[in-house]
$ cat target_21.tsv   # TSV, C-alpha atoms
chain	number	residue	atom	x	y	z
A	56	MET	CA	-103.94	-66.53	-22.51
A	57	MET	CA	-103.82	-63.59	-20.06
A	58	ALA	CA	-107.07	-62.52	-18.41
A	59	ALA	CA	-108.30	-59.03	-19.23
A	60	LYS	CA	-107.81	-56.41	-16.57
A	61	GLN	CA	-110.86	-55.70	-14.45
A	62	THR	CA	-112.31	-52.26	-15.08
A	63	ILE	CA	-112.00	-49.83	-12.16
A	64	SER	CA	-114.93	-47.42	-11.83
A	65	ILE	CA	-113.98	-43.94	-10.59
A	66	VAL	CA	-115.67	-40.75	-9.39
A	67	ILE	CA	-113.46	-37.66	-9.55
A	68	ALA	CA	-114.08	-34.30	-7.89
A	69	ASP	CA	-112.19	-31.01	-7.99
A	70	ASP	CA	-113.51	-27.45	-8.03
A	71	HIS	CA	-110.80	-26.29	-10.45
A	72	PRO	CA	-112.03	-26.93	-14.03
A	73	ILE	CA	-108.52	-27.25	-15.48
A	74	VAL	CA	-107.55	-29.88	-12.90
A	75	LEU	CA	-110.85	-31.72	-13.34
A	76	HIS	CA	-110.58	-31.81	-17.13
A	77	GLY	CA	-106.95	-32.88	-16.92
A	78	LEU	CA	-107.87	-35.75	-14.61
A	79	MET	CA	-110.68	-36.84	-16.90
A	80	ALA	CA	-108.33	-36.90	-19.89
A	81	LEU	CA	-105.69	-38.82	-17.92
A	82	LEU	CA	-108.04	-41.45	-16.55
A	83	LYS	CA	-109.93	-41.97	-19.79
A	84	SER	CA	-106.64	-42.76	-21.52
A	85	GLU	CA	-106.21	-45.83	-19.29
A	86	PRO	CA	-108.07	-48.87	-20.69
A	87	ASP	CA	-108.85	-50.34	-17.28
A	88	PHE	CA	-110.36	-47.12	-15.87
A	89	ARG	CA	-113.96	-45.97	-16.27
A	90	VAL	CA	-114.89	-42.49	-15.06
A	91	VAL	CA	-118.53	-42.65	-13.99
A	92	ALA	CA	-118.82	-39.04	-12.76
A	93	ALA	CA	-116.79	-35.82	-12.69
A	94	CYS	CA	-117.89	-33.35	-10.01
A	95	ASN	CA	-117.23	-29.72	-9.11
A	96	ASP	CA	-118.10	-29.79	-5.41
A	97	GLY	CA	-118.38	-32.12	-2.44
A	98	GLU	CA	-122.15	-32.50	-2.40
A	99	GLU	CA	-122.15	-33.51	-6.05
A	100	ALA	CA	-119.29	-35.92	-5.35
A	101	PHE	CA	-121.13	-37.63	-2.48
A	102	ASP	CA	-124.31	-37.96	-4.57
A	103	ALA	CA	-122.25	-39.46	-7.40
A	104	ILE	CA	-120.65	-41.97	-5.03
A	105	LEU	CA	-124.05	-42.87	-3.60
A	106	THR	CA	-125.58	-43.29	-7.07
A	107	ASN	CA	-122.75	-45.03	-8.92
A	108	ASP	CA	-121.09	-47.11	-6.15
A	109	PRO	CA	-117.63	-46.66	-7.74
A	110	ASP	CA	-114.56	-48.66	-6.78
A	111	VAL	CA	-112.56	-45.51	-6.14
A	112	ALA	CA	-113.30	-41.82	-5.52
A	113	LEU	CA	-110.52	-39.33	-6.26
A	114	LEU	CA	-111.37	-36.20	-4.26
A	115	ASP	CA	-109.76	-32.83	-3.73
A	116	PHE	CA	-109.27	-31.98	-0.04
A	117	ARG	CA	-110.74	-28.51	-0.48
A	118	MET	CA	-114.07	-28.22	-2.28
A	119	PRO	CA	-117.23	-26.09	-1.91
A	120	LYS	CA	-120.29	-27.31	0.00
A	121	LEU	CA	-118.53	-30.41	1.37
A	122	ASN	CA	-114.77	-30.77	1.57
A	123	GLY	CA	-113.05	-34.06	0.86
A	124	MET	CA	-112.94	-35.12	4.50
A	125	GLU	CA	-116.66	-34.45	4.90
A	126	VAL	CA	-117.44	-36.53	1.82
A	127	LEU	CA	-115.35	-39.38	3.24
A	128	ALA	CA	-117.10	-39.13	6.61
A	129	LYS	CA	-120.56	-39.25	5.00
A	130	ALA	CA	-119.56	-42.18	2.80
A	131	ASP	CA	-118.18	-44.03	5.82
A	132	GLU	CA	-121.31	-43.36	7.88
A	133	THR	CA	-123.47	-44.63	5.03
A	134	GLY	CA	-121.42	-47.82	4.79
A	135	LEU	CA	-120.38	-47.29	1.18
A	136	ARG	CA	-117.66	-49.58	-0.17
A	137	THR	CA	-115.92	-46.90	-2.27
A	138	ARG	CA	-112.25	-46.37	-1.41
A	139	VAL	CA	-111.27	-42.73	-1.21
A	140	ILE	CA	-108.06	-41.16	-2.51
A	141	PHE	CA	-107.35	-37.54	-1.67
A	142	LEU	CA	-105.84	-35.25	-4.25
A	143	THR	CA	-103.78	-32.39	-2.84
A	144	ALA	CA	-101.17	-29.83	-3.86
A	145	ILE	CA	-99.19	-30.44	-0.64
A	146	ALA	CA	-99.53	-33.41	1.72
A	147	THR	CA	-99.38	-31.62	5.07
A	148	ASP	CA	-98.92	-33.49	8.35
A	149	GLY	CA	-102.48	-32.66	9.37
A	150	GLN	CA	-103.95	-33.92	6.11
A	151	VAL	CA	-102.06	-37.21	6.27
A	152	LEU	CA	-103.02	-37.86	9.91
A	153	ALA	CA	-106.65	-36.86	9.46
A	154	SER	CA	-107.12	-38.86	6.27
A	155	LEU	CA	-105.60	-42.02	7.73
A	156	ASN	CA	-107.70	-41.68	10.87
A	157	ARG	CA	-110.77	-41.37	8.65
A	158	ARG	CA	-109.77	-44.53	6.80
A	159	ALA	CA	-108.83	-42.93	3.50
A	160	TYR	CA	-106.92	-45.33	1.28
A	161	GLY	CA	-104.61	-42.91	-0.45
A	162	ILE	CA	-103.14	-39.47	-0.89
A	163	VAL	CA	-101.67	-38.39	-4.21
A	164	LEU	CA	-100.05	-35.07	-5.07
A	165	LYS	CA	-101.48	-32.99	-7.91
A	166	GLU	CA	-97.98	-32.56	-9.29
A	167	SER	CA	-97.50	-36.33	-9.56
A	168	ALA	CA	-96.74	-37.86	-12.93
A	169	ALA	CA	-99.62	-39.51	-14.76
A	170	GLU	CA	-98.24	-42.99	-14.14
A	171	THR	CA	-98.07	-42.28	-10.39
A	172	VAL	CA	-101.74	-41.28	-10.25
A	173	ALA	CA	-102.70	-44.37	-12.26
A	174	SER	CA	-100.60	-46.65	-10.04
A	175	CYS	CA	-102.16	-45.14	-6.92
A	176	ILE	CA	-105.67	-45.83	-8.21
A	177	ARG	CA	-104.82	-49.43	-9.11
A	178	GLU	CA	-103.18	-50.09	-5.74
A	179	VAL	CA	-106.14	-48.64	-3.84
A	180	ALA	CA	-108.66	-50.53	-5.98
A	181	ALA	CA	-106.78	-53.70	-5.00
A	182	GLY	CA	-107.16	-52.82	-1.31
A	183	ARG	CA	-103.69	-51.42	-0.68
A	184	ARG	CA	-102.94	-48.00	0.78
A	185	TRP	CA	-100.94	-45.30	-0.98
A	186	VAL	CA	-99.38	-42.39	0.90
A	187	PRO	CA	-96.37	-40.30	-0.24
A	188	GLU	CA	-93.34	-41.85	1.47
A	189	GLU	CA	-91.79	-38.44	2.20
A	190	ALA	CA	-94.88	-37.41	4.15
A	191	LEU	CA	-94.86	-40.65	6.11
A	192	ARG	CA	-91.18	-40.37	6.98
A	193	ARG	CA	-91.60	-36.76	8.08
A	194	LEU	CA	-94.44	-37.65	10.43
A	195	MET	CA	-92.65	-40.65	11.82
A	196	GLU	CA	-89.59	-38.68	12.95
A	197	GLY	CA	-89.35	-38.90	16.71
A	198	THR	CA	-92.55	-40.94	17.14
A	199	ALA	CA	-91.81	-44.46	15.94
A	200	THR	CA	-89.28	-45.74	18.49
A	201	GLU	CA	-91.50	-45.62	21.58
A	202	LEU	CA	-94.59	-46.64	19.65
A	203	ILE	CA	-92.94	-49.77	18.27
A	204	LYS	CA	-92.14	-50.81	21.85
A	205	THR	CA	-95.60	-50.18	23.29
A	206	ALA	CA	-98.40	-50.55	20.71
A	207	PRO	CA	-100.31	-53.83	21.38
A	208	VAL	CA	-100.40	-54.92	17.74
A	209	LEU	CA	-96.62	-54.51	17.54
A	210	LYS	CA	-95.83	-56.21	20.86
A	211	THR	CA	-96.02	-59.57	19.08
A	212	LEU	CA	-92.87	-58.66	17.14
A	213	THR	CA	-89.53	-60.00	18.26
A	214	LEU	CA	-86.79	-57.54	19.20
A	215	ARG	CA	-85.08	-58.09	15.84
A	216	GLU	CA	-88.35	-57.56	13.98
A	217	ARG	CA	-88.86	-54.29	15.86
A	218	ASN	CA	-85.37	-53.21	14.85
A	219	VAL	CA	-86.18	-53.99	11.22
A	220	LEU	CA	-89.46	-52.08	11.49
A	221	GLN	CA	-87.68	-49.08	13.01
A	222	CYS	CA	-85.28	-49.00	10.05
A	223	LEU	CA	-88.16	-49.36	7.62
A	224	VAL	CA	-90.12	-46.39	8.96
A	225	GLU	CA	-86.95	-44.33	8.73
A	226	GLY	CA	-87.05	-44.96	4.99
A	227	GLN	CA	-84.23	-47.50	4.68
A	228	SER	CA	-84.20	-49.98	1.79
A	229	ASN	CA	-83.75	-53.71	2.42
A	230	LYS	CA	-80.03	-53.44	1.64
A	231	GLU	CA	-79.66	-50.49	4.02
A	232	ILE	CA	-81.51	-52.36	6.77
A	233	ALA	CA	-79.21	-55.33	6.24
A	234	ARG	CA	-76.13	-53.11	6.57
A	235	SER	CA	-77.51	-51.28	9.62
A	236	LEU	CA	-78.32	-54.47	11.51
A	237	GLY	CA	-75.55	-56.72	10.22
A	238	LEU	CA	-77.94	-59.10	8.47
A	239	SER	CA	-78.12	-60.68	5.04
A	240	ASP	CA	-80.64	-59.40	2.50
A	241	GLY	CA	-82.45	-62.74	2.72
A	242	THR	CA	-82.78	-62.51	6.49
A	243	VAL	CA	-84.25	-59.01	6.20
A	244	LYS	CA	-86.84	-60.33	3.75
A	245	VAL	CA	-87.75	-63.11	6.19
A	246	HIS	CA	-88.18	-60.62	9.02
A	247	LEU	CA	-90.33	-58.36	6.82
A	248	HIS	CA	-92.50	-61.31	5.82
A	249	ASN	CA	-93.02	-62.17	9.50
A	250	ILE	CA	-93.84	-58.54	10.32
A	251	TYR	CA	-96.43	-58.43	7.52
A	252	GLU	CA	-97.97	-61.68	8.78
A	253	LYS	CA	-98.22	-60.43	12.38
A	254	THR	CA	-99.54	-56.94	11.59
A	255	GLY	CA	-101.79	-57.71	8.62
A	256	ALA	CA	-99.91	-55.23	6.43
A	257	ASN	CA	-99.34	-56.27	2.83
A	258	ASN	CA	-96.48	-53.97	1.78
A	259	ARG	CA	-93.99	-51.42	3.12
A	260	THR	CA	-96.28	-48.43	2.62
A	261	SER	CA	-99.26	-50.00	4.38
A	262	LEU	CA	-97.00	-51.07	7.24
A	263	VAL	CA	-95.69	-47.54	7.75
A	264	ALA	CA	-99.25	-46.25	7.42
A	265	LEU	CA	-100.27	-48.64	10.22
A	266	VAL	CA	-97.56	-47.29	12.50
A	267	LEU	CA	-98.60	-43.76	11.60
A	268	ARG	CA	-102.24	-44.42	12.43
A	269	LEU	CA	-101.22	-45.85	15.78
A	270	SER	CA	-99.10	-42.77	16.47
A	271	ALA	CA	-102.10	-40.58	15.71
A	272	GLY	CA	-104.10	-42.39	18.37
$ encode --input "target_21.tsv" --output "structure tokens"
Amino acid sequence: MMAAKQTISIVIADDHPIVLHGLMALLKSEPDFRVVAACNDGEEAFDAILTNDPDVALLDFRMPKLNGMEVLAKADETGLRTRVIFLTAIATDGQVLASLNRRAYGIVLKESAAETVASCIREVAAGRRWVPEEALRRLMEGTATELIKTAPVLKTLTLRERNVLQCLVEGQSNKEIARSLGLSDGTVKVHLHNIYEKTGANNRTSLVALVLRLSAG
């Protein structure tokens, strides 16, 4: 008999009523989600996080009184366990860098399909990061090569593992990495497993996010 899914408690905040109501309808349709508060501004969102101690907070970047980044900073300073996901119309370079530096767990686009938003929340609730791959690849252009050679946490990688990592941050699939480096698919998987073990990353997205955070200083 399969165990029931654990309920994920969520605070949502957006100053646009249509977006807020749409999010509420979307999240309430998922049996493993429980919306504990829906807020119109950042101050209300922070108070709701403080009061309800939710697993996840889905916050708009731009809100009255406190913006999303300010809510995250206050929650971090207070030592709250809630994992923050930012909701945005466009994931700009500045937003991605700033949110990762502030230890946000995810960024999801407002135009994303319902299943994408739901998957993001589940991944973040499980402790994994979620950032749009296109935004990560764009930021990594021209920055990854030197970083992979010099960052202390990545110096433990072998030369071949660094080559695999370089291909990964450029957006290549396992098969493409294998072709690029003249390896078998199985060997690529072994190298990726070793990279995850050495860096503490648990999937491709969190690994690229790690490299991105290092590039941001």
$ atom_distance --input "target_21.tsv" --atom1 "CA of Ser167 (chain A)" --atom2 "CA of Met118 (chain A)"
19.8 Å
$ closest_residue --input "target_21.tsv" --among "A:Ala130, A:Ile67, A:Ile232, A:Val139" --to "Ala159 (chain A)" --atoms "only C-alpha atoms"
A:Val139
$ atom_distance --input "target_21.tsv" --atom1 "CA of Asp240 (chain A)" --atom2 "CA of Trp185 (chain A)"
25.0 Å
$ atom_distance --input "target_21.tsv" --atom1 "CA of Val91 (chain A)" --atom2 "CA of Arg158 (chain A)"
22.6 Å
$ closest_residue --input "target_21.tsv" --among "A:Leu127, A:Ala180, A:Leu81, A:Val219" --to "Val111 (chain A)" --atoms "only C-alpha atoms"
A:Ala180
$ closest_residue --input "target_21.tsv" --among "A:Leu78, A:Pro109, A:Gly182, A:Gly255" --to "Leu142 (chain A)" --atoms "only C-alpha atoms"
A:Leu78
$ residues_around --input "target_21.tsv" --residues "Glu216 (chain A)" --least-positions-apart "6" --cutoff "12 Å" --atoms "all atoms listed in the file" --output "list in words"
Ile203, Lys204, Leu209, Lys210, Cys222, Leu223, Ile232, Leu236, Leu238, Thr242, Val243, Lys244, Val245, His246, Leu247, His248, Asn249, Ile250, Tyr251, Glu252, Lys253 and Thr254 of chain A
$ closest_residue --input "target_21.tsv" --among "A:Asp108, A:Glu85, A:Glu99, A:Glu132" --to "Ser64 (chain A)" --atoms "all atoms listed in the file"
A:Asp108
$ closest_residue --input "target_21.tsv" --among "A:Val163, A:Ala68, A:Leu135, A:Ile73" --to "Ile176 (chain A)" --atoms "only C-alpha atoms"
A:Val163
$ closest_residue --input "target_21.tsv" --among "A:Ser235, A:Ser84, A:Thr137, A:Gln61" --to "Ala100 (chain A)" --atoms "all atoms listed in the file"
A:Thr137
$ residues_near_point --input "target_21.tsv" --point "(-113.0, -49.5, -15.8)" --cutoff "6 Å" --atoms "only C-alpha atoms" --output "compact mmCIF listing (two decimals) with C-alpha atoms, in the coordinates of the input"
# COMPACT_ATOMS: atom_id res chain seq x y z
CA THR A 62 -112.31 -52.26 -15.08
CA ILE A 63 -112.00 -49.83 -12.16
CA SER A 64 -114.93 -47.42 -11.83
CA ASP A 87 -108.85 -50.34 -17.28
CA PHE A 88 -110.36 -47.12 -15.87
CA ARG A 89 -113.96 -45.97 -16.27
